[in-house]
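Asker: Below is the file final_8.txt, with compact mmCIF, C-alpha atoms and all ligand atoms.
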# COMPACT_ATOMS: atom_id res chain seq x y z
CA MET A 4 0.00 0.00 0.00
CA GLU A 5 1.29 3.42 -0.84
CA SER A 6 -1.07 5.47 1.27
CA ASP A 7 0.25 6.84 4.53
CA GLN A 8 -0.57 5.22 7.87
CA GLU A 9 -3.38 7.61 8.78
CA ASP A 10 -5.20 6.81 5.56
CA ILE A 11 -4.87 3.12 6.24
CA VAL A 12 -6.32 3.43 9.72
CA GLU A 13 -9.22 5.55 8.46
CA ASP A 14 -10.03 3.21 5.59
CA ASP A 15 -9.88 0.08 7.58
CA VAL A 16 -12.54 1.08 10.05
CA THR A 17 -14.91 -0.35 7.40
CA THR A 18 -15.30 -3.98 8.24
CA PHE A 19 -16.44 -5.41 4.96
CA ILE A 20 -15.66 -3.92 1.63
CA PRO A 21 -18.16 -5.25 -0.87
CA VAL A 22 -17.13 -5.25 -4.47
CA GLY A 23 -20.48 -6.27 -5.78
CA ASP A 24 -21.82 -9.31 -7.56
CA LEU A 25 -24.74 -9.89 -5.26
CA GLY A 26 -27.03 -9.66 -8.28
CA SER A 27 -29.33 -6.69 -8.73
CA ALA A 28 -32.55 -8.55 -7.83
CA GLN A 29 -30.98 -9.75 -4.62
CA VAL A 30 -29.63 -6.31 -3.77
CA GLU A 31 -33.06 -4.80 -4.31
CA ALA A 32 -34.71 -7.43 -2.17
CA MET A 33 -32.16 -6.77 0.51
CA THR A 34 -32.75 -3.08 0.90
CA GLY A 35 -34.49 -1.21 3.64
CA ILE A 36 -37.01 -2.92 5.79
CA LYS A 37 -36.99 -5.86 3.41
CA ALA A 38 -33.43 -6.54 4.44
CA ILE A 39 -34.27 -6.85 8.10
CA THR A 40 -37.39 -8.85 7.31
CA LYS A 41 -35.33 -11.25 5.24
CA ILE A 42 -32.63 -11.59 7.90
CA ARG A 43 -35.25 -12.26 10.57
CA ALA A 44 -36.97 -14.82 8.39
CA LEU A 45 -33.70 -16.69 7.80
CA TYR A 46 -32.95 -16.56 11.51
CA ALA A 47 -36.45 -17.73 12.44
CA ALA A 48 -36.12 -20.58 9.94
CA GLY A 49 -33.09 -21.75 11.90
CA VAL A 50 -30.39 -20.80 9.38
CA PRO A 51 -27.20 -20.72 11.44
CA LEU A 52 -25.17 -17.55 11.67
CA PHE A 53 -22.11 -19.70 12.33
CA THR A 54 -21.18 -23.21 11.28
CA LYS A 55 -18.01 -25.18 11.92
CA GLU A 56 -17.67 -25.57 8.18
CA ASN A 57 -17.70 -21.81 7.65
CA LEU A 58 -15.30 -21.29 10.57
CA ARG A 59 -12.85 -23.74 9.01
CA TYR A 60 -13.34 -22.07 5.65
CA ILE A 61 -12.60 -18.59 7.03
CA ALA A 62 -9.43 -19.96 8.63
CA GLN A 63 -8.32 -21.23 5.23
CA VAL A 64 -9.08 -17.89 3.58
CA GLN A 65 -7.17 -16.10 6.32
CA ASP A 66 -4.15 -18.38 5.87
CA GLU A 67 -4.26 -17.83 2.15
CA CYS A 68 -4.39 -14.02 2.55
CA ARG A 69 -1.48 -14.16 4.97
CA ARG A 70 0.49 -16.27 2.50
CA ARG A 71 -0.19 -13.71 -0.20
CA GLY A 72 1.30 -11.06 2.13
CA PHE A 73 0.66 -7.34 2.35
CA GLY A 74 -2.05 -5.76 0.27
CA ILE A 75 -5.70 -6.01 -0.63
CA HIS A 76 -6.90 -9.45 -1.58
CA GLU A 77 -10.14 -10.41 -3.23
CA VAL A 78 -11.80 -13.38 -1.57
CA ILE A 79 -15.12 -15.19 -1.71
CA LEU A 80 -16.94 -15.46 1.62
CA ARG A 81 -20.22 -17.14 2.48
CA GLY A 82 -23.33 -15.03 2.99
CA PHE A 83 -25.93 -15.69 5.66
CA ASN A 84 -28.39 -16.68 2.94
CA GLY A 85 -25.94 -19.21 1.54
CA SER A 86 -24.76 -17.12 -1.39
CA ASP A 87 -21.14 -16.35 -2.17
CA VAL A 88 -20.04 -12.79 -1.44
CA ARG A 89 -17.02 -11.31 -3.12
CA CYS A 90 -15.06 -9.11 -0.70
CA GLU A 91 -11.79 -7.34 -0.42
CA VAL A 92 -9.63 -8.08 2.58
CA CYS A 93 -7.04 -5.55 3.66
CA ASN A 94 -3.95 -7.27 4.98
CA HIS A 95 -1.60 -4.66 6.41
CA GLU A 96 0.24 -6.81 8.89
CA PRO A 97 2.24 -6.06 10.90
CA VAL A 98 1.03 -2.44 10.95
CA LEU A 99 -2.56 -3.41 11.46
CA GLU A 100 -3.80 -6.71 12.75
CA PHE A 101 -5.96 -8.62 10.34
CA ARG A 102 -8.71 -10.33 12.32
CA ILE A 103 -11.80 -12.40 11.86
CA GLU A 104 -15.02 -10.52 12.52
CA TYR A 105 -18.14 -12.25 13.84
CA LEU A 106 -21.54 -10.63 13.57
CA SER A 107 -24.20 -11.31 16.18
CA ILE A 108 -27.83 -11.30 15.06
CA GLN A 109 -28.13 -7.80 16.54
CA LYS A 110 -25.30 -6.50 14.38
CA LEU A 111 -26.59 -8.30 11.34
CA GLU A 112 -29.98 -6.70 11.75
CA GLY A 113 -28.27 -3.34 11.90
CA LEU A 114 -30.11 -2.52 15.08
CA TRP A 115 -26.97 -1.24 16.74
CA GLY A 116 -25.94 1.04 13.96
CA TRP A 117 -23.53 -1.47 12.49
CA PHE A 118 -24.59 -0.54 9.01
CA ASP A 119 -27.38 1.39 7.42
CA PRO A 120 -29.99 -1.26 6.67
CA ARG A 121 -31.09 0.69 3.63
CA GLY A 122 -27.73 -0.05 2.07
CA ASP A 123 -26.83 -3.05 0.01
CA GLN A 124 -24.31 -4.62 2.35
CA PRO A 125 -23.54 -8.30 1.89
CA TRP A 126 -25.07 -10.54 4.48
CA LEU A 127 -21.94 -11.82 6.08
CA THR A 128 -21.86 -13.21 9.58
CA ILE A 129 -18.18 -14.12 9.45
CA GLY A 130 -15.79 -11.82 7.65
CA PHE A 131 -12.59 -9.92 8.24
CA LYS A 132 -11.57 -6.63 9.73
CA SER A 133 -8.30 -4.84 9.91
CA TYR A 134 -7.86 -4.08 13.52
CA MET A 135 -5.99 -1.46 15.46
CA PRO A 136 -2.25 -1.00 15.06
CA ASN A 137 -0.66 -4.17 16.31
CA ARG A 138 1.19 -3.00 19.41
CA ARG A 139 2.37 -6.46 20.17
CA THR A 140 4.26 -6.94 16.95
CA SER A 141 5.03 -3.42 15.75
CA SER A 142 8.27 -1.79 16.81
CA GLU A 143 8.85 -0.77 20.38
CA GLY A 144 8.44 2.86 21.37
CA PRO A 145 7.40 5.01 24.32
CA ASP A 146 3.82 3.73 24.06
CA ASN A 147 4.84 0.23 23.25
CA PRO A 148 7.31 -1.10 25.80
CA PRO A 149 9.04 -4.42 25.34
CA ALA A 150 6.94 -7.46 26.14
CA THR A 151 7.12 -8.80 29.67
CA SER A 152 9.83 -11.45 29.72
CA VAL A 153 9.01 -15.14 29.85
CA GLU A 154 10.90 -15.45 33.15
CA TYR A 155 8.97 -12.62 34.79
CA LEU A 156 5.65 -13.93 33.48
CA ASN A 157 6.41 -17.46 34.57
CA GLU A 158 7.39 -16.37 38.06
CA GLY A 159 4.37 -14.07 38.30
CA PHE A 160 1.96 -16.72 37.08
CA HIS A 161 3.22 -19.27 39.60
CA PHE A 162 3.14 -16.72 42.39
CA VAL A 163 -0.54 -16.01 41.70
CA LYS A 164 -1.22 -19.73 41.24
CA THR A 165 0.19 -20.54 44.69
CA LYS A 166 -1.99 -17.85 46.24
CA TRP A 167 -5.01 -19.07 44.26
CA GLU A 168 -4.61 -22.64 45.44
CA ALA A 169 -4.21 -21.56 49.05
CA SER A 170 -7.27 -19.33 48.97
CA GLY A 171 -10.69 -19.92 50.47
CA TYR A 172 -12.08 -19.24 47.02
CA TYR A 173 -10.23 -22.22 45.57
CA GLY A 174 -11.74 -24.45 48.28
CA ARG A 175 -15.24 -23.17 47.51
CA LEU A 176 -14.69 -23.61 43.79
CA ARG A 177 -13.44 -27.20 44.20
CA ARG A 178 -16.44 -28.03 46.40
CA THR A 179 -18.83 -26.57 43.82
CA LEU A 180 -17.19 -28.55 41.04
CA ALA A 181 -17.19 -31.73 43.12
CA SER A 182 -20.93 -31.36 43.70
CA ILE A 183 -21.74 -31.35 39.99
CA ASN A 184 -23.00 -34.39 38.18
CA PRO A 185 -21.46 -33.70 34.75
CA PRO A 186 -22.40 -35.40 31.49
CA PRO A 187 -20.59 -38.75 31.33
CA VAL A 188 -17.90 -37.85 28.81
CA LEU A 189 -15.77 -34.79 29.52
CA THR A 190 -12.74 -34.56 27.27
CA LYS A 191 -11.54 -30.98 27.32
CA VAL A 192 -11.66 -27.53 28.84
CA ILE A 193 -11.70 -24.64 26.37
CA GLY A 194 -11.08 -21.02 27.29
CA LEU A 195 -12.40 -18.46 24.82
CA ALA A 196 -11.21 -14.88 25.41
CA CYS A 197 -9.63 -15.40 28.84
CA GLY A 198 -7.53 -12.28 28.28
CA PRO A 199 -3.79 -11.61 28.49
CA LEU A 200 -1.40 -12.67 31.26
CA CYS A 201 0.27 -9.27 31.24
CA SER A 202 -1.15 -5.88 30.43
CA VAL A 203 -0.66 -4.65 26.89
CA ALA A 204 0.19 -1.08 27.82
CA ARG A 205 2.62 -1.70 30.66
CA ALA A 206 4.87 -4.57 31.47
CA GLU A 207 2.98 -5.89 34.45
CA LEU A 208 0.90 -8.93 35.32
CA ASP A 209 -2.77 -9.01 34.41
CA HIS A 210 -4.36 -10.63 37.44
CA ARG A 211 -7.75 -10.93 35.75
CA GLY A 212 -6.34 -12.85 32.82
CA ILE A 213 -4.16 -15.02 35.06
CA SER A 214 -7.13 -15.87 37.31
CA GLN A 215 -9.24 -16.90 34.34
CA HIS A 216 -6.46 -19.21 33.10
CA LEU A 217 -6.16 -20.62 36.63
CA LEU A 218 -9.87 -21.37 36.41
CA LEU A 219 -9.16 -23.42 33.27
CA LEU A 220 -6.46 -25.37 35.10
CA THR A 221 -8.73 -25.92 38.10
CA LEU A 222 -11.49 -27.25 35.85
CA ARG A 223 -9.04 -29.58 34.13
CA GLU A 224 -7.84 -30.85 37.49
CA ALA A 225 -11.38 -31.31 38.82
CA PHE A 226 -12.64 -33.26 35.82
CA SER A 227 -9.60 -35.39 35.06
CA ASN A 228 -9.79 -38.82 36.61
CA ASP A 229 -8.33 -42.32 36.52
CA GLY A 230 -4.92 -40.74 35.99
CA ARG A 231 -6.08 -39.41 32.62
CA GLN A 232 -5.75 -35.67 32.22
CA ILE A 233 -8.32 -34.05 29.97
CA GLU A 234 -7.14 -31.57 27.34
CA CYS A 235 -7.03 -27.85 27.93
CA TYR A 236 -7.19 -25.26 25.12
CA SER A 237 -7.33 -21.51 24.97
CA GLN A 238 -8.08 -19.03 22.21
CA ASP A 239 -7.47 -15.32 22.53
CA PRO A 240 -5.84 -13.32 19.73
CA ILE A 241 -4.32 -11.02 22.34
CA TYR A 242 -1.60 -13.48 23.41
CA ASN A 243 1.95 -12.55 22.53
CA GLU A 244 4.62 -15.17 21.96
CA ASN A 245 5.80 -15.09 25.59
CA GLU A 246 2.30 -15.67 26.91
CA LYS A 247 1.81 -18.53 24.46
CA GLN A 248 5.02 -20.08 25.72
CA ILE A 249 3.88 -19.90 29.36
CA LEU A 250 0.46 -21.33 28.55
CA GLU A 251 1.95 -24.19 26.56
CA SER A 252 4.31 -24.94 29.47
CA LEU A 253 1.21 -25.27 31.69
CA GLY A 254 -0.34 -27.72 29.27
CA ILE A 255 -2.80 -25.16 27.90
CA ARG A 256 -2.72 -25.50 24.14
CA VAL A 257 -3.14 -22.16 22.43
CA LEU A 258 -5.44 -22.27 19.41
CA GLU A 259 -5.58 -19.59 16.77
CA ASP A 260 -8.90 -17.91 16.11
CA PRO A 261 -11.25 -19.57 15.03
CA MET A 262 -9.94 -23.06 15.85
CA GLY A 263 -10.94 -22.76 19.52
CA PHE A 264 -14.55 -22.51 18.41
CA VAL A 265 -14.14 -25.44 16.03
CA GLU A 266 -12.76 -27.53 18.91
CA VAL A 267 -15.93 -27.11 21.02
CA ASP A 268 -18.05 -30.27 21.16
CA GLU A 269 -20.31 -32.26 23.47
CA GLY A 270 -17.45 -33.25 25.77
CA SER A 271 -16.22 -29.67 26.29
CA VAL A 272 -16.25 -27.39 29.29
CA VAL A 273 -16.33 -23.87 27.84
CA VAL A 274 -15.20 -20.79 29.75
CA SER A 275 -15.84 -17.40 28.18
CA ILE A 276 -16.00 -14.26 30.26
CA SER A 277 -16.79 -10.94 28.66
CA PRO A 278 -15.41 -11.74 25.21
CA ASN A 279 -15.20 -9.12 22.49
CA VAL A 280 -16.90 -11.48 20.09
CA PRO A 281 -20.39 -13.05 20.21
CA VAL A 282 -19.24 -16.34 21.77
CA LYS A 283 -22.70 -17.18 23.13
CA GLN A 284 -24.26 -16.98 19.69
CA ILE A 285 -21.38 -18.86 18.04
CA ILE A 286 -21.66 -21.71 20.56
CA ALA A 287 -25.46 -21.82 20.31
CA ASP A 288 -25.11 -22.47 16.58
CA ILE A 289 -22.23 -24.94 16.53
CA ALA A 290 -22.27 -27.19 19.61
CA ARG A 291 -23.88 -28.30 22.85
CA PRO A 292 -20.95 -28.30 25.28
CA ALA A 293 -21.13 -30.42 28.41
CA MET A 294 -20.64 -27.37 30.63
CA ILE A 295 -20.48 -23.62 30.10
CA ILE A 296 -19.23 -20.80 32.30
CA TRP A 297 -20.11 -17.31 31.07
CA TYR A 298 -21.78 -14.05 32.04
CA PRO A 299 -25.49 -14.07 32.95
CA ARG A 300 -28.06 -12.81 30.53
CA LEU A 301 -28.14 -9.05 30.70
CA VAL A 302 -31.31 -7.33 31.76
CA LYS A 303 -33.13 -5.71 28.88
CA LEU A 304 -32.91 -1.94 29.03
CA ASP A 305 -35.77 -1.64 26.63
CA PRO A 306 -38.34 -4.43 26.96
CA SER A 307 -39.45 -3.85 23.37
CA MET A 308 -36.03 -4.93 22.14
CA GLU A 309 -35.96 -8.57 21.15
CA THR A 310 -32.52 -9.52 22.25
CA GLY A 311 -31.14 -7.39 25.01
CA TRP A 312 -28.48 -4.82 25.58
CA THR A 313 -25.71 -3.49 23.39
CA TYR A 314 -22.58 -5.37 24.22
CA THR A 315 -20.07 -7.56 22.49
CA ASP A 316 -21.41 -10.97 23.54
CA PRO A 317 -25.17 -10.51 23.35
CA ASP A 318 -27.77 -13.08 24.23
CA SER A 319 -30.33 -14.12 21.67
CA ALA A 320 -33.43 -16.22 21.25
CA ARG A 321 -31.21 -19.10 20.18
CA VAL A 322 -28.94 -18.81 23.21
CA ASP A 323 -32.00 -18.84 25.46
CA LYS A 324 -33.34 -21.89 23.64
CA MET A 325 -30.04 -23.74 24.00
CA LEU A 326 -29.89 -23.01 27.74
CA GLU A 327 -33.25 -24.72 28.24
CA ASP A 328 -31.27 -27.96 27.89
CA TYR A 329 -28.97 -26.99 30.78
CA ASP A 330 -29.17 -26.82 34.55
CA LYS A 331 -27.90 -23.62 36.08
CA ILE A 332 -25.57 -24.20 39.03
CA GLU A 333 -24.58 -21.49 41.48
CA PHE A 334 -20.97 -20.49 40.84
CA PRO A 335 -18.88 -18.78 43.52
CA PRO A 336 -18.18 -15.17 42.45
CA HIS A 337 -14.58 -14.00 42.21
CA PHE A 338 -13.26 -10.47 41.80
CA ASN A 339 -11.21 -11.37 38.69
CA ILE A 340 -13.75 -13.70 37.16
CA GLY A 341 -16.99 -11.87 37.75
CA PRO A 342 -20.55 -12.88 38.48
CA VAL A 343 -20.53 -15.79 36.05
CA GLU A 344 -23.04 -18.58 35.65
CA LEU A 345 -22.29 -22.26 35.34
CA TYR A 346 -24.47 -24.37 33.07
CA VAL A 347 -24.42 -28.16 32.98
CA ARG A 348 -26.07 -29.97 30.08
CA LYS A 349 -29.01 -32.10 31.24
CA HIS A 350 -28.41 -35.80 30.76
C1 LIG X 401 -13.12 -7.39 27.49
S1 LIG X 401 -11.80 -8.48 27.24
C2 LIG X 401 -12.13 -9.70 28.46
C3 LIG X 401 -10.91 -10.44 28.86
C4 LIG X 401 -11.09 -11.32 30.09
N1 LIG X 401 -11.96 -12.43 29.81
C5 LIG X 401 -11.63 -10.50 31.24
O1 LIG X 401 -12.73 -10.81 31.73
O2 LIG X 401 -10.96 -9.56 31.64
C6 LIG X 401 -12.25 -9.26 25.75
C7 LIG X 401 -11.30 -10.32 25.29
O3 LIG X 401 -11.82 -10.92 24.11
C8 LIG X 401 -10.70 -11.30 23.34
N2 LIG X 401 -11.08 -11.66 21.97
C9 LIG X 401 -11.34 -10.83 20.93
N3 LIG X 401 -11.61 -11.55 19.83
C10 LIG X 401 -11.52 -12.86 20.18
C11 LIG X 401 -11.68 -14.08 19.47
N4 LIG X 401 -11.97 -14.11 18.19
N5 LIG X 401 -11.50 -15.24 20.15
C12 LIG X 401 -11.18 -15.22 21.46
N6 LIG X 401 -11.01 -14.09 22.17
C13 LIG X 401 -11.19 -12.94 21.54
C14 LIG X 401 -9.83 -10.07 23.44
O4 LIG X 401 -8.51 -10.29 22.98
C15 LIG X 401 -9.91 -9.82 24.94
O5 LIG X 401 -8.93 -10.52 25.65
The structure in this file should be written as structure tokens.
Ligand SMILES: C[S@@+](CC[C@H](N)C(=O)[O-])C[C@H]1O[C@@H](n2cnc3c(N)ncnc32)[C@H](O)[C@@H]1O
Answerer:
Amino acid sequence: MESDQEDIVEDDVTTFIPVGDLGSAQVEAMTGIKAITKIRALYAAGVPLFTKENLRYIAQVQDECRRRGFGIHEVILRGFNGSDVRCEVCNHEPVLEFRIEYLSIQKLEGLWGWFDPRGDQPWLTIGFKSYMPNRRTSSEGPDNPPATSVEYLNEGFHFVKTKWEASGYYGRLRRTLASINPPPVLTKVIGLACGPLCSVARAELDHRGISQHLLLLTLREAFSNDGRQIECYSQDPIYNENEKQILESLGIRVLEDPMGFVEVDEGSVVVSISPNVPVKQIIADIARPAMIIWYPRLVKLDPSMETGWTYTDPDSARVDKMLEDYDKIEFPPHFNIGPVELYVRKH
């Protein structure tokens, strides 16, 4: 790209850059109120926003764009209505991170100002966005100090772990987990968006992120038996190489976005606390995990709104429907974990 950095940042705020080929009849049918009506009809008919097949496909497209290197690449993505959508993907790495974008039903409907529903946007639920300048890989400067060293992180993590295991909270958590009657086959614990181990801005430990990873380890410990340790995975694009190294040394396998989602199945214990992506809606479409730990449903600010409040991991009719198949178990609150809920699939 020849444009200067400021232009790049401005341009890339646009998530999807359609280059046409939807077909004029389709575009017309997709305008204005018809667009929302159509989206709602597809949703009501049970058309998934997310499928494992499409998640795997987007991973392939992403790999291919990365292989092609810097620049703007034309790709074919899958529309919500099943049609192919031709898009341009801006790959400016390492200046800007090139990320997968997931659209909740609320964003797709345009209710939160995501796009003007009178426009002729393609109906993508999984696409790409160029993110903010990548502070973790771009050169160091006054606002971008060197990453916290592996040694410091390792020592810090184990220090917090020792305190965690000696705490009254840990005892309460273990008792809660021991009281659960889980579905018969538990094979893995999967963390989705557990956050960093050190803060991005300053070289110091992130106690919230560390606590959430300790929760993953505690769940693994609690549900491993007969000398067989169940798997533990974590997906969060925020990890830097040092954090990945620490997590791997703890037996937490780091998965690139979106492979953590793809990994979720009936034998999984999923932990996802305040993610920046619509994890609840992704899970509701792709799997029925054995257990789930995530934030409670948010209270509707406006009762006339179908699906709740504006936030990054919104509930939906489908999430509610899925949770009918689960028992809700009281989960001990923790300062760094939050007022989460624990759901166990009925069996
Ligand atoms: C508000 S923070 C919450 C972090 C942590 N769970 C907490 O409670 O402090 C949102 C997190 O979502 C992560 N995130 C964004 N996109 C993600 C994706 N596609 N998969 C997994 N995590 C993602 C961000 O990197 C960030 O760590």
Asker: Please list, as number ranges by chain, the residues that have an atom at most 9 Å away from (-17.7, -27.1, 18.5) in the coordinates of this file, counting only C-alpha atoms.
Answerer: A: 54-55, 263-269, 271, 286, 288-292
Asker: Could you list the protein, DNA and RNA residues that have any atom within 9 Å of ligand LIG 401 (chain X), counting all atoms listed in the file, and write them as JSON, numbers by chain?
Answerer: {"A": [102, 103, 104, 105, 194, 195, 196, 197, 198, 199, 209, 210, 211, 212, 215, 237, 238, 239, 240, 241, 242, 259, 260, 261, 263, 264, 274, 275, 276, 277, 278, 279, 280, 281, 282, 315, 339, 340, 341]}
Asker: Counting all atoms listed in the file, which residue out of A:Leu111, A:Val163, A:Ala225, A:Cys93 sits closest to Lys132 of chain A?
Answerer: A:Cys93
Asker: Using atom CA of Leu219 of chain A and atom CA of Phe101 of chain A as the two end points, give the distance in Å to one decimal.
Answerer: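 Going from atom CA of Leu219 of chain A over to atom CA of Phe101 of chain A covers 27.5 Å.
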Asker: Quick one: distance from atom CA of Arg321 of chain A to atom CA of Arg81 of chain A in Å, one decimal?
Answerer: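 Separation between atom CA of Arg321 of chain A and atom CA of Arg81 of chain A: 20.9 Å.
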Asker: Calculated over only C-alpha atoms, which of the candidates A:Val188, A:Leu345, A:Leu106, A:Ala293 has the smallest distance to Ser227 of chain A?
Answerer: A:Val188
Asker: Please compute the atom CA of Glu100 of chain A-atom CA of Glu244 of chain A distance, one decimal, in Å.
Answerer: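 Separation between atom CA of Glu100 of chain A and atom CA of Glu244 of chain A: 15.1 Å.
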Asker: Taking all atoms of segment 187-199 of chain A that the file lists, what box with edges along x, y and z, padded by 6 Å per side, do you get, with centre and edge lengths in Å to one decimal, as lines of an AutoDock Vina configuration file?
Answerer:
center_x = -12.2
center_y = -25.2
center_z = 28.1
size_x = 28.8
size_y = 39.1
size_z = 18.5
Asker: Using only C-alpha atoms, which of A:Leu127, A:Leu176, A:Leu250, A:Val257 sits nearest Leu218 of chain A?
Answerer: A:Leu176
Asker: Would you mind telling me which residue in A:Ile39, A:Glu56, A:Val88, A:Gln109 lies nearest to Ala320 of chain A when using only C-alpha atoms?
Answerer: A:Gln109
Asker: Which residue, A:Gly254, A:Gly270, A:Gly82, A:Gly49, has the smallest gap to Tyr236 of chain A when you use only C-alpha atoms?
Answerer: A:Gly254
Asker: At most 12 Å from (-7.3, -36.9, 32.9), file frame, all atoms listed in the file: which residues, as a ChimeraX atom specification?
Answerer: /A:188-192,220,222-235
Asker: Store the residues of this selection in a file with C-alpha atoms, as an mmCIF file, in the coordinates of the input.
Answerer:
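Saved the output as selection_8.cif:
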data_model
loop_
_atom_site.group_PDB
_atom_site.id
_atom_site.type_symbol
_atom_site.label_atom_id
_atom_site.label_comp_id
_atom_site.auth_asym_id
_atom_site.auth_seq_id
_atom_site.Cartn_x
_atom_site.Cartn_y
_atom_site.Cartn_z
ATOM 1 C CA VAL A 188 -17.900 -37.850 28.810
ATOM 2 C CA LEU A 189 -15.770 -34.790 29.520
ATOM 3 C CA THR A 190 -12.740 -34.560 27.270
ATOM 4 C CA LYS A 191 -11.540 -30.980 27.320
ATOM 5 C CA VAL A 192 -11.660 -27.530 28.840
ATOM 6 C CA LEU A 220 -6.460 -25.370 35.100
ATOM 7 C CA LEU A 222 -11.490 -27.250 35.850
ATOM 8 C CA ARG A 223 -9.040 -29.580 34.130
ATOM 9 C CA GLU A 224 -7.840 -30.850 37.490
ATOM 10 C CA ALA A 225 -11.380 -31.310 38.820
ATOM 11 C CA PHE A 226 -12.640 -33.260 35.820
ATOM 12 C CA SER A 227 -9.600 -35.390 35.060
ATOM 13 C CA ASN A 228 -9.790 -38.820 36.610
ATOM 14 C CA ASP A 229 -8.330 -42.320 36.520
ATOM 15 C CA GLY A 230 -4.920 -40.740 35.990
ATOM 16 C CA ARG A 231 -6.080 -39.410 32.620
ATOM 17 C CA GLN A 232 -5.750 -35.670 32.220
ATOM 18 C CA ILE A 233 -8.320 -34.050 29.970
ATOM 19 C CA GLU A 234 -7.140 -31.570 27.340
ATOM 20 C CA CYS A 235 -7.030 -27.850 27.930
#
Asker: Which residues come within 12 Å of Leu326 of chain A, counting only C-alpha atoms, excluding same-chain residues fewer than 2 positions away, as a count of residues only?
Answerer: 31
Asker: Missing atoms in segment 159-170 of chain A should be modelled up to N, CA and C atoms and reported as a compact mmCIF listing (two decimals), keeping the file's coordinate frame.
Answerer:
# COMPACT_ATOMS: atom_id res chain seq x y z
N GLY A 159 5.60 -14.74 37.88
CA GLY A 159 4.37 -14.07 38.30
C GLY A 159 3.19 -15.02 38.28
N PHE A 160 3.10 -15.80 37.21
CA PHE A 160 1.96 -16.72 37.08
C PHE A 160 1.98 -17.71 38.25
N HIS A 161 3.15 -18.26 38.54
CA HIS A 161 3.22 -19.27 39.60
C HIS A 161 3.00 -18.66 40.99
N PHE A 162 3.39 -17.42 41.14
CA PHE A 162 3.14 -16.72 42.39
C PHE A 162 1.63 -16.60 42.62
N VAL A 163 0.92 -16.16 41.57
CA VAL A 163 -0.54 -16.01 41.70
C VAL A 163 -1.19 -17.39 41.85
N LYS A 164 -0.65 -18.38 41.17
CA LYS A 164 -1.22 -19.73 41.24
C LYS A 164 -1.13 -20.28 42.68
N THR A 165 0.02 -20.04 43.32
CA THR A 165 0.19 -20.54 44.69
C THR A 165 -0.84 -19.88 45.60
N LYS A 166 -1.01 -18.55 45.40
CA LYS A 166 -1.99 -17.85 46.24
C LYS A 166 -3.40 -18.35 45.95
N TRP A 167 -3.68 -18.56 44.68
CA TRP A 167 -5.01 -19.07 44.26
C TRP A 167 -5.32 -20.40 44.95
N GLU A 168 -4.36 -21.30 44.91
CA GLU A 168 -4.61 -22.64 45.44
C GLU A 168 -4.70 -22.67 46.96
N ALA A 169 -4.15 -21.61 47.58
CA ALA A 169 -4.21 -21.56 49.05
C ALA A 169 -5.44 -20.79 49.52
N SER A 170 -6.18 -20.25 48.58
CA SER A 170 -7.27 -19.33 48.97
C SER A 170 -8.55 -20.08 49.35
